[in-house]
Amino acid sequence: MRKTLSVLFVLLIASTLVFAGGASESSTGGAEASDATTVKVGLICIGDENDQGYTFNFIRGRDEATEILAAEGINVEWMTIYNIGEDASCIDANIEAAEEGCEIIINNSYGFEPFMLEVVDDYPEIEFISCTNCASVFDGRDNTHNAFANIYEGRYIAGVVAGMKLQQMIDEGTINEDEAVIGYVGAFSFAEVISGFTSYFLGARSVCPSVTMKVMFVGSWSDATAESDAALALIDEGCVMISQHSDNTTPATAAQSRGVFHTGYNNDMTGIAPEASLIGTRIDWGIYFSELIRNYVNGEEIPQDWCAGMGEGAVVMTPLNEAIAAPGTAEKIAEVEAGIADGSIQVFDTSTFTVGGEELTHAFALDTDGDFTADSEEAVFDGAFHESLFQSAPYFTVQIDGIEWLNAAY
Amino acid sequence: MSESSKTPFVRLAKRTDIDPRRAMLIRIASIVIALILGTIPMIISGTNPFEAYSVIVQGSLLRRTYLNQTVKIAIPLLGCALAIAPCFKMRFWNIGAEGQITIGAMCATYFALYWYNRVPHLVLLLMMFLVSLIGGGIWALIPAFFKAKWNTNETLFTLMMNYIAIGIVAWLQGGPWEGRKGSQLIPMFNDAARLPDFNFMIGIGEHEFSLTSHVGLIFILILVVLMYIYMNKTKQGYEIAVIGDSVNTARYAGMNVGNIIMRTMFISGAISGFVGFLTVSGANYTLFSGVADGVGFTAITVAWLSQLNPFAMIVISMMLAVLEKGANTLQTRLQVPASISDIITGILLFTMLSCEFFINYRLIFRGRAAKEEKA
C-alpha cells in the first residue's frame, strides 16, 4: 500500500519534471524564430477550408500572399485558428493569437469585430484587422483596421452572365419574357447581402430587361441544408436562375438537380454543378494580405480601411463555364470589366433602377451615432449610388423595384 | 474443487468501508492512467505526448494571461456545479442548468441594454444580479412544480427547457435586441453594465503570483463555503439528503417533499442564473444564444467527480478549465485538432468516473479468493 503510493508519487513528480523540462525548452525555441524578415500573422476563421466557400477563400488568399511575399524575401509564419464562433470565443482566440506572438491578427468574419475590439487595447503594438466590418476604422485607435473589396463589381458581372443566359433562353423560346426570374439565396437582410443581390440583379437586367428576382433569406451565413431548401423553394416558385450569398455549395447542387442555372460566390462551383453553375465571383484576399504584411514589415502605414476592386485584382471572376454559358459571354465580361475599371459603368447607376417607382436621389452611407441606421455622408451623387466609398463595408440597403423579398424576418 | 470452478473468474464485491487514503490513491492512479492513455490519440495524430502535455500546462497556467483565461473558464463551471449539487443530492436530475444560465443571462442583459444610462453603476449591477437570480430560479421552478404536482420526468423536462431558453435568446439576438440589422449580434454592454476586474496577488517565497479576474470569482468562492454549510449543516440541507436517500422516509418523517423539491430547484436555478449574469457581465460583455456554452452539462461532471463536495469542485473545475484552455494552445501551437483534445478530455473524465467504481467495489479474482479462504 505504502509502496504503491510512493511509486505513484514518484511517477507524478517525474512526469511534472519532464513537462516542466519540455516547457522551458519550447519557450526558448519560440524566441529564436523571430528575425527581421519573418512576421507572424494570426488568421482567425469562422469555418475551415472544408466549407469550400467563405473560409476556403481566405485560406487561398493566405497561401497566395505567402507566395507573393516569399518572392520578395518576406517570410510569413501563419497561425490559423479555425471554427471560431461569432461569440465570446472570438475574444479568447484573439488573446491566444496575441499571446502566441502574432504581430498582425486578421479576423475573417463580420461578427468577430465587436469581440476583437475588446482585446485590442491590451495589445497596442499588435495590428488587428477586421475583414468586412466597419467599426475599427472609426474607433480612433491606430492598431485596428477594416478591409473589404468591391465584391459588388464581381456580382454585377456574374449578373451579366446570368442575364445573358436568361436572354438566350427567352430568344430560344425555352421561357417567355415573364419567366425570366432569378432566385437568390441570401444569408440575412443585411447591407452586404442587399448590396450584393442588388448589384447582381442590375447586372442581369442590363442585358435582360424583363428579368425579375425573388430573394429568400435563410437566417444563417452557413447552413448547407437551409441553403439547399431555400434554393429548391425558389425553384418551385418559378425561378430558373439561382444565385447565392451564403457559404455553401448546396444552392448549386440544388439548381443542378432541378435543371436550372446558377452563379456562385467565394469559389468556383462549376466542378460541383457542371450543368448548372455558370460562373462565380470571389474576393482575392491575397492582394490585401500581401499589401498589409509588406507595409507592416517595411514600417509603412497600414490603411485604416482598405478597399479595392476589380481594377486592383482584389475581386476576381472564377472561370466561365463555357459549355453552358450563352455565346459571347466571355467577350461581354471583358467589356464590362473594362467599363467598371475605367469608371464608364457605374454598378449602382441611379438611372437604371427605381425605388417605389421613383429615382433614388438620397441615401446616407455611414452610421455615426451608433444606432445602426445610416445618418451621414450622402452616397448618391453624379447619377449613381457610390458603394464602398466612405467605408469598405457595403452600405447599400435600399429595396429597389423588381426584387421581391419573400421573407425579411432575418 | 468443484466449488471453485463454478465461481466466475472475477467477482465484484461492494466495499463497505474504504480507507480514505486508499480512495485518494485510486483517484490519483486514475489521473495517471488517464494521462498515459491520453498519449495514445496524441501519438496517433503524430504529436509528441511530452511536448503536448507541456503545452497544455504552459497554455493554461504558466503565463499570466493564460492563467486568467483558465480561471475565466473555471468560474462558471464551479458556479454551476454548486448550483446543481443540491438537486443531485436530492436525486432530482436537473440537467437544465444550461437553460437556467441562459435565462439568467438574458434577464441581466435586458437591464444592461436598456437601463445602463438610467441608474448608477452599482445599482445597475445589483439589478442585473437580482433579476438573474429570479429569472434562473423561475426557469428551474417550472419543471420542479410539475414534478411536485404530477410527478413528471424531471430529466426530460429540464432538458427540453434548455432548448426553449436558447431559442428565446436566438430570437432576441436576431430580432428585438439585434444591433446592426442582419448582424445577429446584440451590441456589447456599456461599461456601466460590466463587472469590475480585480487584481489578486500572493507572494510565495520569492515568487509572486498574480491573477486578474472579474469580481465574480470572489462571489463564487464565497458561494462554495455557503453551499458547503447549506448542504451539511442546515435543516434544509438535511431534508435534501433524506429525500435523496429515500422519498418515503422523508414523507414518513413528515417532510413536504413537493415543497422541498421546488425550493431546492429554485435555489439551484437562481445560482445558475447568477452564473449567467457573471458570464455576460464579467466575461462576454454581450449575450448570444450559446452563452451557456455547455457549462450546464460539464458542470454535472464536475459535481459528480467532486462527490458533491463544494471544495472538491474548485479542484475539478480548475482541472477541466486547464484542459480546455490548454487544448486551445495545443491547437494553435502544435496544430493538434480540437477533436484530439476533446478525446483526451473524454478519456480523463471516463477514467476518473470509472475510478469511483473501483472505490465502491472490489474485484475478487478466483485464484486469489481461494488463497484468501485458505488463509
# chains A, B, ... in the order shown; residues from 1 in each chain; ligands from 1

call {"tool": "closest_atom_pairs", "arguments": {"of": "segment 36-72 of chain B", "to": "segment 82-101 of chain A", "cutoff": "10 Å", "atoms": "only C-alpha atoms", "output": "CSV"}}
result
residue,atom,partner,partner_atom,distance
B:Gly59,CA,A:Glu96,CA,9.0
B:Arg63,CA,A:Glu99,CA,9.2
B:Thr65,CA,A:Glu99,CA,7.9
B:Tyr66,CA,A:Glu96,CA,8.3
B:Gln69,CA,A:Asp92,CA,7.8

call {"tool": "write_last_selection", "arguments": {"atoms": "C-alpha atoms", "output": "mmCIF file, in the first residue's frame"}}
result
data_model
loop_
_atom_site.group_PDB
_atom_site.id
_atom_site.type_symbol
_atom_site.label_atom_id
_atom_site.label_comp_id
_atom_site.auth_asym_id
_atom_site.auth_seq_id
_atom_site.Cartn_x
_atom_site.Cartn_y
_atom_site.Cartn_z
ATOM 1 C CA GLY B 59 -1.032 27.311 -22.234
ATOM 2 C CA ARG B 63 1.547 32.618 -18.199
ATOM 3 C CA THR B 65 -2.876 35.938 -19.266
ATOM 4 C CA TYR B 66 -3.392 32.233 -19.739
ATOM 5 C CA GLN B 69 -8.222 32.811 -19.104
#

call {"tool": "closest_residue", "arguments": {"among": "A:Ala254, A:Asp349, A:Cys307, A:Pro274", "to": "Leu389 of chain A", "atoms": "only C-alpha atoms"}}
result
A:Cys307

call {"tool": "select_by_dssp", "arguments": {"residues": "segment 139-214 of chain A", "states": "strand (DSSP E or B)", "output": "PyMOL selection string"}}
result
chain A and resi 144-149+181-186+212-214

call {"tool": "residues_around", "arguments": {"residues": "Ser228 of chain A", "least_positions_apart": "5", "cutoff": "10 Å", "atoms": "only C-alpha atoms", "output": "VMD selection string"}}
result
chain A and resid 185 218 223 233 to 234 248 to 255

call {"tool": "residues_around", "arguments": {"residues": "segment 197-201 of chain A", "least_positions_apart": "6", "cutoff": "9 Å", "atoms": "only C-alpha atoms", "output": "PyMOL selection string"}}
result
chain A and resi 152-160+162-163+182+184+186+211-213+215+243-245+347-348+396+398-400+402-403

call {"tool": "interface_residues", "arguments": {"of": "chain B", "to": "chain A", "cutoff": "6 Å", "atoms": "only C-alpha atoms", "output": "MDAnalysis selection string"}}
result
chainID B and resid 51 54 180 182 284

call {"tool": "write_last_selection", "arguments": {"atoms": "N, CA and C atoms", "output": "tab-separated table (two decimals), in the first residue's frame"}}
result
chain	number	residue	atom	x	y	z
B	51	GLU	N	5.64	16.86	-25.23
B	51	GLU	CA	5.51	18.23	-25.70
B	51	GLU	C	4.06	18.69	-25.54
B	54	SER	N	3.19	19.39	-21.98
B	54	SER	CA	3.85	20.61	-21.51
B	54	SER	C	3.17	21.84	-22.11
B	180	ARG	N	-26.81	46.08	-35.38
B	180	ARG	CA	-26.93	46.41	-36.78
B	180	ARG	C	-27.81	45.37	-37.46
B	182	GLY	N	-29.49	42.63	-39.40
B	182	GLY	CA	-28.95	41.49	-40.13
B	182	GLY	C	-27.67	40.93	-39.53
B	284	ASN	N	-18.18	37.90	-21.18
B	284	ASN	CA	-18.52	38.03	-22.61
B	284	ASN	C	-18.89	39.46	-23.00

call {"tool": "atom_distance", "arguments": {"atom1": "atom CA of Phe58 of chain A", "atom2": "atom CA of Ala149 of chain A"}}
result
12.8 Å

call {"tool": "residues_around", "arguments": {"residues": "Ala273 of chain A", "least_positions_apart": "2", "cutoff": "7 Å", "atoms": "only C-alpha atoms", "output": "list in words"}}
result
Ala252, Thr253, Gln256, Met269, Thr270, Gly271, Glu275, Ala276 and Ser277 of chain A

call {"tool": "atom_distance", "arguments": {"atom1": "atom CA of Arg258 of chain A", "atom2": "atom CA of Gly196 of chain A"}}
result
24.4 Å

call {"tool": "select_by_dssp", "arguments": {"residues": "segment 241-317 of chain B", "states": "helix (DSSP H, G or I)", "output": "mmCIF file with N, CA and C atoms, in the first residue's frame"}}
result
data_model
loop_
_atom_site.group_PDB
_atom_site.id
_atom_site.type_symbol
_atom_site.label_atom_id
_atom_site.label_comp_id
_atom_site.auth_asym_id
_atom_site.auth_seq_id
_atom_site.Cartn_x
_atom_site.Cartn_y
_atom_site.Cartn_z
ATOM 1 N N ALA B 241 -30.885 15.716 1.828
ATOM 2 C CA ALA B 241 -30.181 14.439 1.923
ATOM 3 C C ALA B 241 -31.164 13.300 2.176
ATOM 4 N N VAL B 242 -32.154 13.546 3.025
ATOM 5 C CA VAL B 242 -33.123 12.489 3.335
ATOM 6 C C VAL B 242 -33.924 12.129 2.093
ATOM 7 N N ILE B 243 -34.374 13.143 1.359
ATOM 8 C CA ILE B 243 -35.135 12.865 0.138
ATOM 9 C C ILE B 243 -34.274 12.082 -0.847
ATOM 10 N N GLY B 244 -33.015 12.457 -0.925
ATOM 11 C CA GLY B 244 -32.104 11.760 -1.835
ATOM 12 C C GLY B 244 -31.973 10.292 -1.468
ATOM 13 N N ASP B 245 -31.952 9.991 -0.165
ATOM 14 C CA ASP B 245 -31.824 8.597 0.258
ATOM 15 C C ASP B 245 -33.121 7.841 0.072
ATOM 16 N N VAL B 247 -37.377 8.857 -0.602
ATOM 17 C CA VAL B 247 -38.504 9.788 -0.598
ATOM 18 C C VAL B 247 -39.529 9.352 0.446
ATOM 19 N N ASN B 248 -39.710 8.034 0.566
ATOM 20 C CA ASN B 248 -40.710 7.542 1.511
ATOM 21 C C ASN B 248 -40.333 7.861 2.952
ATOM 22 N N THR B 249 -39.047 7.707 3.267
ATOM 23 C CA THR B 249 -38.597 8.061 4.602
ATOM 24 C C THR B 249 -38.904 9.521 4.883
ATOM 25 N N ALA B 250 -38.632 10.343 3.862
ATOM 26 C CA ALA B 250 -38.874 11.772 4.033
ATOM 27 C C ALA B 250 -40.357 12.028 4.301
ATOM 28 N N ARG B 251 -41.191 11.344 3.559
ATOM 29 C CA ARG B 251 -42.640 11.523 3.752
ATOM 30 C C ARG B 251 -43.044 11.056 5.141
ATOM 31 N N TYR B 252 -42.498 9.900 5.532
ATOM 32 C CA TYR B 252 -42.821 9.325 6.821
ATOM 33 C C TYR B 252 -42.416 10.275 7.946
ATOM 34 N N VAL B 257 -42.415 16.869 0.631
ATOM 35 C CA VAL B 257 -41.408 16.603 -0.405
ATOM 36 C C VAL B 257 -41.556 17.564 -1.584
ATOM 37 N N GLY B 258 -42.799 17.788 -2.005
ATOM 38 C CA GLY B 258 -43.031 18.680 -3.148
ATOM 39 C C GLY B 258 -42.443 20.056 -2.921
ATOM 40 N N ASN B 259 -42.719 20.606 -1.758
ATOM 41 C CA ASN B 259 -42.203 21.945 -1.471
ATOM 42 C C ASN B 259 -40.682 21.973 -1.432
ATOM 43 N N ILE B 260 -40.121 20.917 -0.851
ATOM 44 C CA ILE B 260 -38.655 20.891 -0.749
ATOM 45 C C ILE B 260 -38.044 20.807 -2.150
ATOM 46 N N ILE B 261 -38.668 20.010 -3.014
ATOM 47 C CA ILE B 261 -38.170 19.918 -4.397
ATOM 48 C C ILE B 261 -38.218 21.298 -5.053
ATOM 49 N N MET B 262 -39.361 21.976 -4.903
ATOM 50 C CA MET B 262 -39.494 23.281 -5.563
ATOM 51 C C MET B 262 -38.515 24.298 -4.975
ATOM 52 N N ARG B 263 -38.368 24.275 -3.665
ATOM 53 C CA ARG B 263 -37.462 25.217 -3.025
ATOM 54 C C ARG B 263 -36.020 24.981 -3.506
ATOM 55 N N THR B 264 -35.631 23.699 -3.492
ATOM 56 C CA THR B 264 -34.255 23.385 -3.878
ATOM 57 C C THR B 264 -34.005 23.749 -5.336
ATOM 58 N N MET B 265 -34.962 23.464 -6.191
ATOM 59 C CA MET B 265 -34.775 23.797 -7.604
ATOM 60 C C MET B 265 -34.721 25.301 -7.813
ATOM 61 N N PHE B 266 -35.493 26.041 -7.037
ATOM 62 C CA PHE B 266 -35.423 27.487 -7.188
ATOM 63 C C PHE B 266 -34.028 27.982 -6.830
ATOM 64 N N ILE B 267 -33.503 27.471 -5.727
ATOM 65 C CA ILE B 267 -32.149 27.879 -5.319
ATOM 66 C C ILE B 267 -31.148 27.500 -6.403
ATOM 67 N N SER B 268 -31.277 26.275 -6.893
ATOM 68 C CA SER B 268 -30.363 25.794 -7.926
ATOM 69 C C SER B 268 -30.431 26.674 -9.180
ATOM 70 N N GLY B 269 -31.664 26.939 -9.624
ATOM 71 C CA GLY B 269 -31.834 27.766 -10.814
ATOM 72 C C GLY B 269 -31.328 29.181 -10.597
ATOM 73 N N ALA B 270 -31.529 29.694 -9.383
ATOM 74 C CA ALA B 270 -31.078 31.054 -9.099
ATOM 75 C C ALA B 270 -29.560 31.140 -9.182
ATOM 76 N N ILE B 271 -28.886 30.118 -8.658
ATOM 77 C CA ILE B 271 -27.413 30.139 -8.733
ATOM 78 C C ILE B 271 -26.970 30.032 -10.192
ATOM 79 N N SER B 272 -27.627 29.166 -10.949
ATOM 80 C CA SER B 272 -27.299 29.075 -12.377
ATOM 81 C C SER B 272 -27.536 30.406 -13.069
ATOM 82 N N GLY B 273 -28.657 31.053 -12.734
ATOM 83 C CA GLY B 273 -28.939 32.369 -13.305
ATOM 84 C C GLY B 273 -27.849 33.363 -12.958
ATOM 85 N N PHE B 274 -27.368 33.286 -11.721
ATOM 86 C CA PHE B 274 -26.273 34.143 -11.277
ATOM 87 C C PHE B 274 -25.023 33.887 -12.124
ATOM 88 N N VAL B 275 -24.762 32.617 -12.398
ATOM 89 C CA VAL B 275 -23.630 32.274 -13.266
ATOM 90 C C VAL B 275 -23.815 32.933 -14.640
ATOM 91 N N GLY B 276 -25.061 32.914 -15.125
ATOM 92 C CA GLY B 276 -25.338 33.561 -16.405
ATOM 93 C C GLY B 276 -25.030 35.044 -16.351
ATOM 94 N N PHE B 277 -25.410 35.676 -15.254
ATOM 95 C CA PHE B 277 -25.116 37.103 -15.074
ATOM 96 C C PHE B 277 -23.609 37.348 -15.073
ATOM 97 N N LEU B 278 -22.872 36.528 -14.321
ATOM 98 C CA LEU B 278 -21.413 36.685 -14.281
ATOM 99 C C LEU B 278 -20.818 36.522 -15.674
ATOM 100 N N THR B 279 -21.371 35.586 -16.433
ATOM 101 C CA THR B 279 -20.806 35.317 -17.753
ATOM 102 C C THR B 279 -21.015 36.492 -18.703
ATOM 103 N N VAL B 280 -22.224 37.047 -18.730
ATOM 104 C CA VAL B 280 -22.440 38.146 -19.676
ATOM 105 C C VAL B 280 -21.785 39.432 -19.189
ATOM 106 N N SER B 281 -21.820 39.649 -17.896
ATOM 107 C CA SER B 281 -21.353 40.938 -17.393
ATOM 108 C C SER B 281 -19.863 40.946 -17.094
ATOM 109 N N GLY B 282 -19.301 39.767 -16.812
ATOM 110 C CA GLY B 282 -17.899 39.728 -16.422
ATOM 111 C C GLY B 282 -16.971 39.198 -17.492
ATOM 112 N N ALA B 283 -17.487 38.357 -18.380
ATOM 113 C CA ALA B 283 -16.585 37.702 -19.332
ATOM 114 C C ALA B 283 -16.907 38.031 -20.783
ATOM 115 N N ASN B 284 -18.182 37.896 -21.183
ATOM 116 C CA ASN B 284 -18.519 38.035 -22.605
ATOM 117 C C ASN B 284 -18.891 39.457 -22.999
ATOM 118 N N VAL B 295 -21.683 24.619 -20.373
ATOM 119 C CA VAL B 295 -21.300 24.624 -18.963
ATOM 120 C C VAL B 295 -22.303 23.841 -18.119
ATOM 121 N N GLY B 296 -23.590 23.982 -18.448
ATOM 122 C CA GLY B 296 -24.627 23.300 -17.686
ATOM 123 C C GLY B 296 -24.464 21.790 -17.693
ATOM 124 N N PHE B 297 -23.873 21.275 -18.762
ATOM 125 C CA PHE B 297 -23.657 19.836 -18.834
ATOM 126 C C PHE B 297 -22.316 19.449 -18.219
ATOM 127 N N THR B 298 -21.282 20.224 -18.551
ATOM 128 C CA THR B 298 -19.967 19.892 -17.993
ATOM 129 C C THR B 298 -19.996 19.978 -16.470
ATOM 130 N N ALA B 299 -20.808 20.916 -15.963
ATOM 131 C CA ALA B 299 -20.881 21.080 -14.509
ATOM 132 C C ALA B 299 -21.417 19.815 -13.836
ATOM 133 N N ILE B 300 -22.228 19.042 -14.563
ATOM 134 C CA ILE B 300 -22.714 17.779 -13.993
ATOM 135 C C ILE B 300 -21.519 16.876 -13.706
ATOM 136 N N THR B 301 -20.595 16.825 -14.669
ATOM 137 C CA THR B 301 -19.387 16.035 -14.467
ATOM 138 C C THR B 301 -18.590 16.553 -13.280
ATOM 139 N N VAL B 302 -18.480 17.885 -13.206
ATOM 140 C CA VAL B 302 -17.728 18.474 -12.089
ATOM 141 C C VAL B 302 -18.365 18.064 -10.768
ATOM 142 N N ALA B 303 -19.682 18.198 -10.688
ATOM 143 C CA ALA B 303 -20.376 17.883 -9.440
ATOM 144 C C ALA B 303 -20.205 16.407 -9.082
ATOM 145 N N TRP B 304 -20.303 15.572 -10.080
ATOM 146 C CA TRP B 304 -20.232 14.129 -9.844
ATOM 147 C C TRP B 304 -18.836 13.705 -9.423
ATOM 148 N N LEU B 305 -17.826 14.225 -10.143
ATOM 149 C CA LEU B 305 -16.446 13.877 -9.805
ATOM 150 C C LEU B 305 -16.093 14.371 -8.408
ATOM 151 N N PRO B 310 -18.418 20.729 -2.292
ATOM 152 C CA PRO B 310 -18.128 22.031 -2.896
ATOM 153 C C PRO B 310 -16.640 22.361 -2.989
ATOM 154 N N PHE B 311 -15.873 21.956 -1.985
ATOM 155 C CA PHE B 311 -14.445 22.298 -2.040
ATOM 156 C C PHE B 311 -13.726 21.501 -3.120
ATOM 157 N N ALA B 312 -14.117 20.245 -3.265
ATOM 158 C CA ALA B 312 -13.517 19.437 -4.327
ATOM 159 C C ALA B 312 -13.860 20.003 -5.703
ATOM 160 N N MET B 313 -15.025 20.677 -5.784
ATOM 161 C CA MET B 313 -15.425 21.244 -7.074
ATOM 162 C C MET B 313 -14.431 22.294 -7.568
ATOM 163 N N ILE B 314 -13.809 22.998 -6.618
ATOM 164 C CA ILE B 314 -12.823 24.007 -7.029
ATOM 165 C C ILE B 314 -11.717 23.321 -7.829
ATOM 166 N N VAL B 315 -11.232 22.213 -7.262
ATOM 167 C CA VAL B 315 -10.122 21.496 -7.906
ATOM 168 C C VAL B 315 -10.564 20.945 -9.266
ATOM 169 N N ILE B 316 -11.732 20.292 -9.283
ATOM 170 C CA ILE B 316 -12.167 19.630 -10.515
ATOM 171 C C ILE B 316 -12.467 20.662 -11.614
ATOM 172 N N SER B 317 -13.138 21.739 -11.238
ATOM 173 C CA SER B 317 -13.462 22.721 -12.278
ATOM 174 C C SER B 317 -12.186 23.360 -12.810
#

call {"tool": "closest_residue", "arguments": {"among": "B:Asn328, B:Asn117, B:Asn68, B:Ser306", "to": "Ala193 of chain B", "atoms": "only C-alpha atoms"}}
result
B:Asn117

call {"tool": "residues_around", "arguments": {"residues": "Asp178 of chain A", "least_positions_apart": "2", "cutoff": "7 Å", "atoms": "only C-alpha atoms", "output": "ChimeraX atom specification"}}
result
/A:176,180,210

call {"tool": "residues_around", "arguments": {"residues": "Leu320 of chain A", "least_positions_apart": "6", "cutoff": "10 Å", "atoms": "only C-alpha atoms", "output": "ChimeraX atom specification"}}
result
/A:158,161,263,268,270,277-280,329-330,333

call {"tool": "write_last_selection", "arguments": {"atoms": "C-alpha atoms", "output": "PDB file, in the first residue's frame"}}
result
ATOM      1  CA  ALA A 158     -21.994  37.455 -62.512  1.00  0.00           C
ATOM      2  CA  VAL A 161     -23.553  36.328 -67.216  1.00  0.00           C
ATOM      3  CA  THR A 263     -23.934  31.511 -60.363  1.00  0.00           C
ATOM      4  CA  ASP A 268     -15.650  28.094 -58.462  1.00  0.00           C
ATOM      5  CA  THR A 270     -18.665  24.629 -61.793  1.00  0.00           C
ATOM      6  CA  SER A 277     -23.124  26.711 -62.453  1.00  0.00           C
ATOM      7  CA  LEU A 278     -22.128  29.370 -64.984  1.00  0.00           C
ATOM      8  CA  ILE A 279     -19.563  31.418 -63.118  1.00  0.00           C
ATOM      9  CA  GLY A 280     -18.700  32.687 -59.678  1.00  0.00           C
ATOM     10  CA  THR A 329     -20.424  35.864 -72.694  1.00  0.00           C
ATOM     11  CA  ALA A 330     -16.651  35.905 -72.366  1.00  0.00           C
ATOM     12  CA  ILE A 333     -17.369  40.026 -69.406  1.00  0.00           C
TER      13      ILE A 333
END

call {"tool": "closest_residue", "arguments": {"among": "B:Ile220, B:Ile359, B:Val215, B:Leu323", "to": "Ala23 of chain B", "atoms": "only C-alpha atoms"}}
result
B:Ile359
